[in-house]
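To keep things clear, I will list the structure first and then write my remarks on it.
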Amino acid sequence: MPFPIISASKTKTIPIQLISADKFPAWLKKQPADLKKWLALHEFTGKAGSYMVLPTPNGTIDKILAGVELPLNIWSIANLPAKIPMGTYHLEGSFKAEEASNLALGWALATYEFSKYKKSDKKFPQLVAPKNCDNALVKSFFEAICWARDLINTPANDMNPASLANEAASWAKSQKAKINIIKGEALLKENYPMIYTVGKAADIPPHLVDIRFSRKKAPKITLVGKGVTFDTGGLDIKTAGGMKIMKKDMGGAANVLALAKVIVETNLPIELRVLLPIVENAVSGNAMRPLDIVPTRKGITVEIGNTDAEGRLILSDALFEADSEAPDLIIDCATLTGAARVALGTDVAVFFTDDNKLAAKLAEISERESDPLWRLPLWKGYRSLLDTLNADLSNDPDSSYGGSITAALFLKEFVRKTKSWIHVDMMAWNLQNKAGRPQGGEAVAIRALYQLIKENYGSAR
Ligand code: BES
Ligand code: ZN
Ligand code: ZN
């Protein structure tokens with residue numbers, strides 16, 4: 001995917017005028033009669049998502065009128081690249097820095113196609129970066145989000161634990177990071193019993209990818225991502241419908257990689273660590289069984305009440321390792337529960353944290369960045385649902401109500417020393433096409449999380 005935002009154009013570019021339905025009537029009054037007639041003929045009223053191509057008398061494009069809703073957000077003009085004629089465009093008017101960058105990013109993301117297996121020769125128009133746009137940041141996010149989408153969209157026959165670990169490692173290598181990968185039985189030797197237990201049934205062994213970017217006197221942040229390259233449910237096998245899109249169950253890992261990529265590329269002063277437990281939750285003779293009791297890295301035992309609740313199992317070992325260094329912040333991202341989707345639908349990610357100040361900040365940034373995240377409580381009252389007769393903890397809560405909360409409470413058992421921890425339960429998948437967001441794998445929450453890290457931790461101590 002070529003980056004379609006150019007910093008300047010030597011030749012004349014075509015203007016795009018943004019107009020909202022509210023302001024349209026007043027604007028229309030001032031227009032010449034022939035334009036009024038033309039717009040009336042097409043019933044153009046400035047409705048968000050609608051647009052008009054206005055021609056010149058000699059058959060070229062005079063301008064594009066694009067209906068938008070105010071306030072503008074990242075997707076305001078993301079419908080255009082797939083629809084308007086090829087050419088190079090610019091936006092009329094002036095925008096705040098954040099608006100300018102978001103409009104450009106939305107345009108760029110609308111040119112994403114997953115064309116690894118089905119070639120496409122579709123070409124997209126270019127946009128001149130609007131004034132105030134941070135084009136380096138936009139490019140970094142564009143590439144990171146395309147990467148996350150590609151990783152998620154690539155089917156599990158090609159995106160298995162080894163290939164996902166390789167993707168992470170080759171990126172880390174290109175950035176001169178320190179990389180450590182533990183795989184297969186070595187996970188037992190190195191005391192990651194849960195990652196091993198969940199991943200051992202698959203032909204391709206489980207991996208733990210550990211990437212470090214050292215930076216002295218900088219806040220330390222560790223990102224953890226659920227990397228289940230396919231979730232059959234294990235012996236508690238999913239239904240066909242429930243299993244179908246489970247190639248996306250490494251969406252947490254993909255998002256963590258994308259976020260890390262932008263943090264590194266924009267050189268935020270952060271001592272960054274990335275931990276990715278990567279497994280395939282498969283069915284086989286040596287798969288973990290319901291009511292197997294398995295030790296964790298922490299030392300406490302877990303009874304596997306349901307082999308389909310595998311995400312919290314692999315995350316428990318990775319989070320305990322992350323917590324052992326007591327960084328300033330741990331963020332984990334995971335396609336952890338169906339319950340989170342029942343609660344908030346597919347587009348709004350759930351987040352949990354005990355840090356009220358950080359939560360308020362993230363909620364504010366999420367709205368500002370139009371990157372939707374909503375807080376649910378780590379409600380202590382539900383903790384007892386994880387108790388079980390013969391082990392310290394069950395991965396299958398006694399009630400399915402509040403399933404996203406009980407999953408988060410399970411994770412919390414493994415994060416004890418770190419000042420702030422944010423857990424994000426996400427869909428990482430678009431069920432339908434929307435402007436700029438094609439059906440399939442999706443980056444979630446990383447623009448908001450990046451901004452949170454930048455604003456809260458981004459100045460070296
Ligand atoms: N990967 C799934 C969660 C999921 C399902 C995310 C659908 C997004 C869409 C996870 O591993 C899972 O199966 N969780 C179970 C947990 C339950 C057995 C306690 C769930 O949510 O049903
Ligand atoms: Zn599962
Ligand atoms: Zn899963």
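As shown in the structure tokens, the chain order sets the letters A, B, ...; within each chain, residues go from 1, and ligands are also counted from 1 in the order they appear.
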
> Contacts of range 296-298 of chain A at 9 Å or less, counting only C-alpha atoms, minus same-chain residues fewer than 6 places along, as a VMD selection string?
Replying inline: chain A and resid 191 to 195 313 316 to 318 320 to 321 414

Report as a Markdown table: every residue of chain A with an atom at most 6 Å from ligand 1, its closest pair of atoms, and their distance in Å to one decimal, counting only C-alpha atoms and all ligand atoms, with rows sorted by chain and ascending residue number.
| residue | atom | partner | partner_atom_place_in_ligand_line | distance |
| --- | --- | --- | --- | --- |
| A:Asp249 | CA | ligand 1 | 1 (N) | 5.4 |
| A:Asn306 | CA | ligand 1 | 18 (C) | 5.5 |
| A:Asp308 | CA | ligand 1 | 13 (O) | 4.5 |
| A:Ala309 | CA | ligand 1 | 16 (C) | 4.1 |
| A:Glu310 | CA | ligand 1 | 11 (O) | 5.3 |
| A:Gly311 | CA | ligand 1 | 11 (O) | 5.1 |
| A:Thr335 | CA | ligand 1 | 6 (C) | 4.6 |
| A:Leu336 | CA | ligand 1 | 3 (C) | 4.6 |
| A:Thr337 | CA | ligand 1 | 21 (O) | 3.5 |
| A:Gly338 | CA | ligand 1 | 21 (O) | 3.7 |
| A:Ala339 | CA | ligand 1 | 21 (O) | 5.5 |
| A:Asp396 | CA | ligand 1 | 19 (C) | 4.8 |
| A:Met427 | CA | ligand 1 | 8 (C) | 5.3 |

Keeping only N, CA and C atoms, write the selected residues as a short mmCIF file (atom, residue, chain, number, x, y, z; two decimals), in the first residue's frame.
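selection-v7.cif, written as the output of this step:
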data_model
loop_
_atom_site.label_atom_id
_atom_site.label_comp_id
_atom_site.auth_asym_id
_atom_site.auth_seq_id
_atom_site.Cartn_x
_atom_site.Cartn_y
_atom_site.Cartn_z
N ASP A 249 -7.74 -14.01 16.84
CA ASP A 249 -7.53 -14.07 18.29
C ASP A 249 -6.10 -13.70 18.68
N ASN A 306 -12.59 -24.32 31.69
CA ASN A 306 -13.01 -24.25 30.30
C ASN A 306 -11.79 -23.99 29.42
N ASP A 308 -11.66 -23.06 26.56
CA ASP A 308 -11.85 -21.93 25.65
C ASP A 308 -11.50 -20.60 26.33
N ALA A 309 -11.29 -20.62 27.64
CA ALA A 309 -10.86 -19.40 28.32
C ALA A 309 -9.33 -19.41 28.39
N GLU A 310 -8.71 -19.54 27.21
CA GLU A 310 -7.26 -19.75 27.13
C GLU A 310 -6.47 -18.45 27.18
N GLY A 311 -7.11 -17.36 26.78
CA GLY A 311 -6.39 -16.08 26.69
C GLY A 311 -5.85 -15.66 28.05
N THR A 335 -8.12 -10.00 22.68
CA THR A 335 -9.48 -10.36 22.26
C THR A 335 -9.95 -11.40 23.27
N LEU A 336 -10.27 -10.92 24.48
CA LEU A 336 -10.35 -11.85 25.61
C LEU A 336 -11.70 -12.50 25.82
N THR A 337 -12.78 -11.70 25.70
CA THR A 337 -14.10 -12.28 26.02
C THR A 337 -15.19 -11.86 25.03
N GLY A 338 -16.09 -12.80 24.78
CA GLY A 338 -17.30 -12.46 24.05
C GLY A 338 -18.15 -11.50 24.88
N ALA A 339 -18.05 -11.63 26.20
CA ALA A 339 -18.87 -10.80 27.10
C ALA A 339 -18.60 -9.31 26.92
N ASP A 396 -12.72 -20.41 34.70
CA ASP A 396 -14.10 -20.47 34.23
C ASP A 396 -15.00 -19.99 35.35
N MET A 427 -12.23 -6.22 20.11
CA MET A 427 -12.73 -7.08 19.05
C MET A 427 -11.66 -7.32 17.98
#

>> Could you go through range 21-111 of chain A and tell me which residues DSSP, when run on the backbone, assigns to strand (DSSP E), listing them as a PyMOL selection string?
In response: chain A and resi 51-55+61-67+88-91

Please save all heavy atoms of the selected residues as a tab-separated table (two decimals), in the first residue's frame.
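The result, written out as selection_6.tsv:
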chain	number	residue	atom	x	y	z
A	51	TYR	N	-21.40	13.15	-1.25
A	51	TYR	CA	-20.43	14.04	-1.90
A	51	TYR	C	-20.90	14.35	-3.30
A	51	TYR	O	-21.74	13.65	-3.88
A	51	TYR	CB	-19.03	13.40	-1.92
A	51	TYR	CG	-18.94	12.24	-2.88
A	51	TYR	CD1	-18.36	12.41	-4.15
A	51	TYR	CD2	-19.45	11.00	-2.55
A	51	TYR	CE1	-18.31	11.35	-5.04
A	51	TYR	CE2	-19.41	9.93	-3.44
A	51	TYR	CZ	-18.83	10.11	-4.68
A	51	TYR	OH	-18.80	9.07	-5.56
A	52	MET	N	-20.36	15.43	-3.87
A	52	MET	CA	-20.67	15.84	-5.23
A	52	MET	C	-19.38	16.17	-5.95
A	52	MET	O	-18.51	16.83	-5.38
A	52	MET	CB	-21.51	17.13	-5.21
A	52	MET	CG	-22.96	16.95	-4.83
A	52	MET	SD	-23.89	16.05	-6.06
A	52	MET	CE	-23.64	17.04	-7.49
A	53	VAL	N	-19.26	15.70	-7.18
A	53	VAL	CA	-18.13	16.10	-8.01
A	53	VAL	C	-18.62	17.25	-8.90
A	53	VAL	O	-19.56	17.06	-9.68
A	53	VAL	CB	-17.65	14.93	-8.88
A	53	VAL	CG1	-16.44	15.34	-9.72
A	53	VAL	CG2	-17.32	13.71	-8.02
A	54	LEU	N	-18.03	18.42	-8.74
A	54	LEU	CA	-18.47	19.57	-9.55
A	54	LEU	C	-17.52	19.75	-10.73
A	54	LEU	O	-16.31	19.92	-10.54
A	54	LEU	CB	-18.50	20.83	-8.69
A	54	LEU	CG	-19.36	20.74	-7.42
A	54	LEU	CD1	-19.33	22.07	-6.65
A	54	LEU	CD2	-20.80	20.37	-7.76
A	55	PRO	N	-18.07	19.71	-11.96
A	55	PRO	CA	-17.20	19.79	-13.15
A	55	PRO	C	-16.93	21.24	-13.58
A	55	PRO	O	-17.65	22.16	-13.21
A	55	PRO	CB	-18.03	19.08	-14.21
A	55	PRO	CG	-19.45	19.32	-13.80
A	55	PRO	CD	-19.46	19.50	-12.30
A	61	ILE	N	-12.37	18.41	-13.17
A	61	ILE	CA	-13.08	18.58	-11.89
A	61	ILE	C	-12.76	19.95	-11.31
A	61	ILE	O	-11.60	20.33	-11.16
A	61	ILE	CB	-12.68	17.48	-10.88
A	61	ILE	CG1	-12.95	16.09	-11.47
A	61	ILE	CG2	-13.44	17.65	-9.56
A	61	ILE	CD1	-12.42	14.95	-10.63
A	62	ASP	N	-13.82	20.68	-11.00
A	62	ASP	CA	-13.65	21.99	-10.38
A	62	ASP	C	-13.39	21.81	-8.89
A	62	ASP	O	-12.44	22.35	-8.33
A	62	ASP	CB	-14.92	22.82	-10.61
A	62	ASP	CG	-14.80	24.20	-10.00
A	62	ASP	OD1	-13.70	24.78	-10.11
A	62	ASP	OD2	-15.78	24.68	-9.40
A	63	LYS	N	-14.24	21.07	-8.24
A	63	LYS	CA	-14.03	20.73	-6.82
A	63	LYS	C	-14.93	19.59	-6.40
A	63	LYS	O	-15.86	19.21	-7.11
A	63	LYS	CB	-14.24	21.95	-5.92
A	63	LYS	CG	-15.68	22.42	-5.79
A	63	LYS	CD	-15.94	23.16	-4.48
A	63	LYS	CE	-15.16	24.47	-4.37
A	63	LYS	NZ	-15.56	25.24	-3.18
A	64	ILE	N	-14.60	19.04	-5.23
A	64	ILE	CA	-15.46	18.03	-4.61
A	64	ILE	C	-16.12	18.69	-3.42
A	64	ILE	O	-15.45	19.36	-2.62
A	64	ILE	CB	-14.62	16.83	-4.11
A	64	ILE	CG1	-13.79	16.20	-5.21
A	64	ILE	CG2	-15.51	15.81	-3.39
A	64	ILE	CD1	-14.43	15.14	-6.04
A	65	LEU	N	-17.41	18.52	-3.32
A	65	LEU	CA	-18.13	18.96	-2.12
A	65	LEU	C	-18.37	17.71	-1.28
A	65	LEU	O	-18.92	16.73	-1.78
A	65	LEU	CB	-19.49	19.52	-2.50
A	65	LEU	CG	-19.65	21.01	-2.73
A	65	LEU	CD1	-21.12	21.29	-3.03
A	65	LEU	CD2	-19.19	21.81	-1.53
A	66	ALA	N	-17.94	17.74	-0.04
A	66	ALA	CA	-18.08	16.54	0.79
A	66	ALA	C	-18.88	16.87	2.04
A	66	ALA	O	-18.51	17.77	2.81
A	66	ALA	CB	-16.70	15.99	1.18
A	67	GLY	N	-19.98	16.16	2.24
A	67	GLY	CA	-20.79	16.34	3.44
A	67	GLY	C	-20.11	15.69	4.63
A	67	GLY	O	-19.66	14.55	4.55
A	88	THR	N	-5.06	14.25	-7.64
A	88	THR	CA	-4.45	14.72	-6.39
A	88	THR	C	-5.31	15.86	-5.85
A	88	THR	O	-5.59	16.81	-6.56
A	88	THR	CB	-3.00	15.18	-6.62
A	88	THR	OG1	-2.29	14.08	-7.21
A	88	THR	CG2	-2.32	15.55	-5.31
A	89	TYR	N	-5.68	15.72	-4.60
A	89	TYR	CA	-6.64	16.62	-3.99
A	89	TYR	C	-6.01	17.38	-2.83
A	89	TYR	O	-4.98	16.98	-2.29
A	89	TYR	CB	-7.85	15.82	-3.47
A	89	TYR	CG	-8.65	15.16	-4.58
A	89	TYR	CD1	-8.26	13.91	-5.11
A	89	TYR	CD2	-9.78	15.77	-5.10
A	89	TYR	CE1	-8.98	13.31	-6.13
A	89	TYR	CE2	-10.52	15.16	-6.12
A	89	TYR	CZ	-10.12	13.94	-6.63
A	89	TYR	OH	-10.84	13.34	-7.63
A	90	HIS	N	-6.64	18.49	-2.48
A	90	HIS	CA	-6.28	19.14	-1.21
A	90	HIS	C	-7.57	19.57	-0.50
A	90	HIS	O	-8.62	19.69	-1.14
A	90	HIS	CB	-5.35	20.34	-1.44
A	90	HIS	CG	-6.01	21.50	-2.12
A	90	HIS	ND1	-6.02	21.67	-3.49
A	90	HIS	CD2	-6.73	22.53	-1.61
A	90	HIS	CE1	-6.70	22.76	-3.80
A	90	HIS	NE2	-7.14	23.31	-2.68
A	91	LEU	N	-7.46	19.78	0.80
A	91	LEU	CA	-8.65	20.20	1.57
A	91	LEU	C	-8.68	21.71	1.65
A	91	LEU	O	-7.68	22.35	1.97
A	91	LEU	CB	-8.61	19.60	2.97
A	91	LEU	CG	-8.60	18.07	3.06
A	91	LEU	CD1	-8.55	17.62	4.53
A	91	LEU	CD2	-9.82	17.46	2.36

> Taking only C-alpha atoms into account, which of A:Pro377, A:Gly106, A:Pro397, A:Gly441 comes nearest Lys247 in chain A?
Replying inline: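 Under the stated criterion, the closest residue is A:Gly441.
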
When you look at range 40-46 of chain A with a cut-off of 7 Å (counting only C-alpha atoms), what residues show up, excluding the ones that are within fewer than 3 positions of it in the same chain? I need them as a PDB file with all heavy atoms, in the first residue's frame.
ATOM      1  N   ILE A  19     -18.454  20.369   4.009  1.00  0.00           N
ATOM      2  CA  ILE A  19     -19.635  21.134   4.405  1.00  0.00           C
ATOM      3  C   ILE A  19     -20.547  20.271   5.265  1.00  0.00           C
ATOM      4  O   ILE A  19     -20.713  19.084   5.003  1.00  0.00           O
ATOM      5  CB  ILE A  19     -20.372  21.684   3.155  1.00  0.00           C
ATOM      6  CG1 ILE A  19     -21.530  22.600   3.560  1.00  0.00           C
ATOM      7  CG2 ILE A  19     -20.886  20.604   2.238  1.00  0.00           C
ATOM      8  CD1 ILE A  19     -21.327  24.016   3.132  1.00  0.00           C
ATOM      9  N   SER A  20     -21.082  20.876   6.326  1.00  0.00           N
ATOM     10  CA  SER A  20     -21.997  20.104   7.182  1.00  0.00           C
ATOM     11  C   SER A  20     -23.433  20.445   6.797  1.00  0.00           C
ATOM     12  O   SER A  20     -23.710  21.525   6.264  1.00  0.00           O
ATOM     13  CB  SER A  20     -21.757  20.439   8.652  1.00  0.00           C
ATOM     14  OG  SER A  20     -22.172  21.756   8.913  1.00  0.00           O
ATOM     15  N   ALA A  21     -24.336  19.537   7.075  1.00  0.00           N
ATOM     16  CA  ALA A  21     -25.752  19.747   6.740  1.00  0.00           C
ATOM     17  C   ALA A  21     -26.286  21.009   7.429  1.00  0.00           C
ATOM     18  O   ALA A  21     -27.111  21.728   6.863  1.00  0.00           O
ATOM     19  CB  ALA A  21     -26.575  18.517   7.135  1.00  0.00           C
ATOM     20  N   PHE A  24     -25.044  24.026   5.468  1.00  0.00           N
ATOM     21  CA  PHE A  24     -25.304  23.965   4.036  1.00  0.00           C
ATOM     22  C   PHE A  24     -26.309  25.018   3.540  1.00  0.00           C
ATOM     23  O   PHE A  24     -26.012  25.723   2.552  1.00  0.00           O
ATOM     24  CB  PHE A  24     -25.754  22.542   3.650  1.00  0.00           C
ATOM     25  CG  PHE A  24     -26.039  22.381   2.199  1.00  0.00           C
ATOM     26  CD1 PHE A  24     -24.993  22.280   1.275  1.00  0.00           C
ATOM     27  CD2 PHE A  24     -27.351  22.336   1.727  1.00  0.00           C
ATOM     28  CE1 PHE A  24     -25.250  22.138  -0.079  1.00  0.00           C
ATOM     29  CE2 PHE A  24     -27.613  22.201   0.372  1.00  0.00           C
ATOM     30  CZ  PHE A  24     -26.558  22.095  -0.527  1.00  0.00           C
ATOM     31  N   LYS A  36     -26.786  26.066  -7.667  1.00  0.00           N
ATOM     32  CA  LYS A  36     -27.952  25.752  -6.831  1.00  0.00           C
ATOM     33  C   LYS A  36     -28.820  24.697  -7.519  1.00  0.00           C
ATOM     34  O   LYS A  36     -29.264  23.739  -6.897  1.00  0.00           O
ATOM     35  CB  LYS A  36     -28.812  27.017  -6.631  1.00  0.00           C
ATOM     36  CG  LYS A  36     -28.310  27.918  -5.536  1.00  0.00           C
ATOM     37  CD  LYS A  36     -29.350  29.015  -5.287  1.00  0.00           C
ATOM     38  CE  LYS A  36     -28.857  29.984  -4.251  1.00  0.00           C
ATOM     39  NZ  LYS A  36     -29.054  31.372  -4.608  1.00  0.00           N
ATOM     40  N   LYS A  37     -29.026  24.912  -8.822  1.00  0.00           N
ATOM     41  CA  LYS A  37     -29.869  24.015  -9.597  1.00  0.00           C
ATOM     42  C   LYS A  37     -29.262  22.600  -9.634  1.00  0.00           C
ATOM     43  O   LYS A  37     -29.947  21.601  -9.441  1.00  0.00           O
ATOM     44  CB  LYS A  37     -29.960  24.560 -11.026  1.00  0.00           C
ATOM     45  CG  LYS A  37     -31.345  24.514 -11.625  1.00  0.00           C
ATOM     46  CD  LYS A  37     -31.385  25.435 -12.818  1.00  0.00           C
ATOM     47  CE  LYS A  37     -31.990  24.807 -14.041  1.00  0.00           C
ATOM     48  NZ  LYS A  37     -31.880  25.708 -15.198  1.00  0.00           N
ATOM     49  N   SER A  50     -22.178  11.971   2.088  1.00  0.00           N
ATOM     50  CA  SER A  50     -22.535  12.215   0.681  1.00  0.00           C
ATOM     51  C   SER A  50     -21.503  13.153   0.057  1.00  0.00           C
ATOM     52  O   SER A  50     -20.789  13.848   0.776  1.00  0.00           O
ATOM     53  CB  SER A  50     -23.935  12.829   0.586  1.00  0.00           C
ATOM     54  OG  SER A  50     -23.931  14.133   1.131  1.00  0.00           O
ATOM     55  N   ALA A  66     -17.936  17.736  -0.040  1.00  0.00           N
ATOM     56  CA  ALA A  66     -18.081  16.540   0.793  1.00  0.00           C
ATOM     57  C   ALA A  66     -18.881  16.871   2.041  1.00  0.00           C
ATOM     58  O   ALA A  66     -18.513  17.767   2.807  1.00  0.00           O
ATOM     59  CB  ALA A  66     -16.705  15.994   1.179  1.00  0.00           C
ATOM     60  N   GLY A  67     -19.976  16.157   2.237  1.00  0.00           N
ATOM     61  CA  GLY A  67     -20.793  16.341   3.436  1.00  0.00           C
ATOM     62  C   GLY A  67     -20.105  15.694   4.635  1.00  0.00           C
ATOM     63  O   GLY A  67     -19.658  14.547   4.546  1.00  0.00           O
ATOM     64  N   VAL A  68     -19.991  16.430   5.722  1.00  0.00           N
ATOM     65  CA  VAL A  68     -19.360  15.890   6.936  1.00  0.00           C
ATOM     66  C   VAL A  68     -20.181  16.287   8.162  1.00  0.00           C
ATOM     67  O   VAL A  68     -20.922  17.271   8.133  1.00  0.00           O
ATOM     68  CB  VAL A  68     -17.915  16.422   7.136  1.00  0.00           C
ATOM     69  CG1 VAL A  68     -16.981  15.905   6.059  1.00  0.00           C
ATOM     70  CG2 VAL A  68     -17.896  17.950   7.192  1.00  0.00           C
TER      71      VAL A  68
END

> Between CA of Leu137 in chain A and CA of Ile16 in chain A, what is the distance, to one decimal in Å?
Replying inline: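 Separation of CA of Leu137 in chain A and CA of Ile16 in chain A: 22.7 Å.
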
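Residues in contact with Lys248 in chain A at 10 Å, where only C-alpha atoms are counted and same-chain residues fewer than 3 positions away are skipped, are listed as Arg149, Leu151, Ile152, Asn153, Thr154, Pro155, Ala156, Gly227, Val228, Thr229, Phe230, Asp231, Lys244, Ile245, Gly251, Gly252, Ala253, Ala254, Thr335, Met427, Ala428, Trp429, Gly440, Gly441 and Glu442 of chain A.
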
For the residues in that selection, give me N, CA, C and O atoms as a compact mmCIF listing (two decimals), in the first residue's frame.
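The resulting file, again38.txt, is shown below:
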# COMPACT_ATOMS: atom_id res chain seq x y z
N ARG A 149 -3.58 -4.88 10.57
CA ARG A 149 -4.68 -5.45 9.78
C ARG A 149 -4.19 -6.68 9.00
O ARG A 149 -4.86 -7.70 8.95
N LEU A 151 -1.62 -8.66 9.69
CA LEU A 151 -1.33 -9.77 10.60
C LEU A 151 -2.61 -10.49 10.99
O LEU A 151 -2.67 -11.72 11.03
N ILE A 152 -3.66 -9.71 11.27
CA ILE A 152 -4.92 -10.31 11.71
C ILE A 152 -5.62 -11.01 10.54
O ILE A 152 -6.16 -12.10 10.68
N ASN A 153 -5.58 -10.38 9.37
CA ASN A 153 -6.29 -10.95 8.22
C ASN A 153 -5.62 -12.20 7.67
O ASN A 153 -6.28 -13.05 7.07
N THR A 154 -4.31 -12.31 7.84
CA THR A 154 -3.62 -13.48 7.31
C THR A 154 -4.15 -14.73 8.01
O THR A 154 -4.18 -14.80 9.23
N PRO A 155 -4.61 -15.70 7.22
CA PRO A 155 -5.26 -16.87 7.83
C PRO A 155 -4.29 -17.69 8.67
O PRO A 155 -3.08 -17.63 8.47
N ALA A 156 -4.85 -18.47 9.58
CA ALA A 156 -4.03 -19.19 10.56
C ALA A 156 -3.13 -20.24 9.92
O ALA A 156 -2.14 -20.66 10.53
N GLY A 227 -1.68 -13.48 21.85
CA GLY A 227 -1.37 -13.94 20.50
C GLY A 227 -1.86 -15.35 20.24
O GLY A 227 -1.06 -16.26 20.03
N VAL A 228 -3.17 -15.55 20.26
CA VAL A 228 -3.71 -16.87 19.93
C VAL A 228 -3.96 -16.89 18.41
O VAL A 228 -4.89 -16.24 17.93
N THR A 229 -3.11 -17.59 17.68
CA THR A 229 -3.18 -17.50 16.22
C THR A 229 -4.44 -18.17 15.67
O THR A 229 -4.90 -17.84 14.58
N PHE A 230 -4.97 -19.12 16.43
CA PHE A 230 -6.32 -19.62 16.14
C PHE A 230 -6.90 -20.21 17.41
O PHE A 230 -6.22 -20.94 18.13
N ASP A 231 -8.15 -19.87 17.67
CA ASP A 231 -8.82 -20.33 18.88
C ASP A 231 -9.98 -21.25 18.51
O ASP A 231 -11.07 -20.80 18.18
N LYS A 244 -15.46 -19.32 13.48
CA LYS A 244 -15.11 -18.89 12.12
C LYS A 244 -14.03 -17.81 12.05
O LYS A 244 -13.08 -17.95 11.29
N ILE A 245 -14.17 -16.75 12.82
CA ILE A 245 -13.20 -15.65 12.64
C ILE A 245 -12.08 -15.69 13.69
O ILE A 245 -11.40 -14.69 13.92
N GLY A 251 -5.27 -10.67 17.74
CA GLY A 251 -5.46 -9.23 17.54
C GLY A 251 -4.80 -8.38 18.62
O GLY A 251 -4.35 -7.26 18.34
N GLY A 252 -4.75 -8.89 19.84
CA GLY A 252 -4.09 -8.14 20.91
C GLY A 252 -2.61 -7.99 20.63
O GLY A 252 -2.04 -6.89 20.72
N ALA A 253 -1.99 -9.10 20.21
CA ALA A 253 -0.55 -9.06 19.88
C ALA A 253 -0.31 -8.14 18.69
O ALA A 253 0.65 -7.34 18.68
N ALA A 254 -1.17 -8.22 17.67
CA ALA A 254 -1.01 -7.37 16.49
C ALA A 254 -1.10 -5.90 16.87
O ALA A 254 -0.33 -5.06 16.40
N THR A 335 -8.12 -10.00 22.68
CA THR A 335 -9.48 -10.36 22.26
C THR A 335 -9.95 -11.40 23.27
O THR A 335 -9.99 -12.58 22.98
N MET A 427 -12.23 -6.22 20.11
CA MET A 427 -12.73 -7.08 19.05
C MET A 427 -11.66 -7.32 17.98
O MET A 427 -11.50 -8.41 17.47
N ALA A 428 -10.96 -6.24 17.60
CA ALA A 428 -9.90 -6.31 16.58
C ALA A 428 -10.41 -6.78 15.22
O ALA A 428 -9.64 -7.34 14.42
N TRP A 429 -11.67 -6.54 14.95
CA TRP A 429 -12.26 -7.05 13.71
C TRP A 429 -13.47 -6.20 13.34
O TRP A 429 -14.29 -5.89 14.21
N GLY A 440 -12.93 -7.07 8.33
CA GLY A 440 -11.73 -7.84 8.64
C GLY A 440 -10.95 -7.26 9.79
O GLY A 440 -11.48 -6.46 10.57
N GLY A 441 -9.70 -7.66 9.89
CA GLY A 441 -8.84 -7.27 11.02
C GLY A 441 -8.76 -5.76 11.19
O GLY A 441 -8.75 -5.02 10.21
N GLU A 442 -8.70 -5.34 12.44
CA GLU A 442 -8.67 -3.90 12.69
C GLU A 442 -7.78 -3.55 13.88
O GLU A 442 -7.68 -4.31 14.85

With a cut-off of 9 Å, could you pull out the residues of range 263-307 of chain A touching range 455-459 of chain A and give me the nearest pair of atoms for each, distance in Å to one decimal, using only C-alpha atoms, ordered by chain and ascending number, as CSV?
residue,atom,partner,partner_atom,distance
A:Leu268,CA,A:Gly458,CA,5.9
A:Pro269,CA,A:Gly458,CA,5.8
A:Ile270,CA,A:Gly458,CA,6.8

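Minimum atom-to-atom distance to ligand 3, evaluated using only C-alpha atoms and all ligand atoms, belongs to A:Met246 out of A:Ile74, A:Ala448, A:Met246, A:Ala202.
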
> Between A:Ser404, A:Thr307, A:Thr222, A:Ser370, which is the closest to Ile422 in chain A once you count only C-alpha atoms?
Replying inline: A:Thr222

> From the set A:Asp22, A:Glu325, A:Asp425, A:Asp203, which residue has the shortest atom-to-atom contact distance to Val279 in chain A, counting only C-alpha atoms?
Replying inline: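 The closest residue to Val279 in chain A is A:Asp203.
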
>> Quick check for you: according to DSSP on this backbone, which residues of range 165-371 of chain A are classed as alpha helix (DSSP H)? Reply as a count of residues only.
In response: 74

> Pick the closest to Ala82 in chain A from A:Leu127, A:Ala435, A:Leu103, A:Leu362: which is it, counting only C-alpha atoms?
Replying inline: A:Ala435

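Among the candidate residues A:Glu367, A:Asp150, A:Glu280, A:Glu185, the one lying nearest to ligand 2 is A:Glu280, with distances computed using only C-alpha atoms and all ligand atoms.
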
> Could you name the residues that touch Ala258 in chain A at 12 Å or less, counting only C-alpha atoms, but leaving out those on the same chain fewer than 3 positions away, as a PyMOL selection string?
Replying inline: chain A and resi 140-152+167-168+171-172+223+225+251-255+261-265+274+333+442-447+449-450

>> Need to verify the contact set: range 133-136 of chain A, 9 Å, only C-alpha atoms, exclusion of same-chain residues closer than 3 positions in sequence. Can you return it as a ChimeraX atom specification?
In response: /A:5-7,95-105,129-130,139-141,266
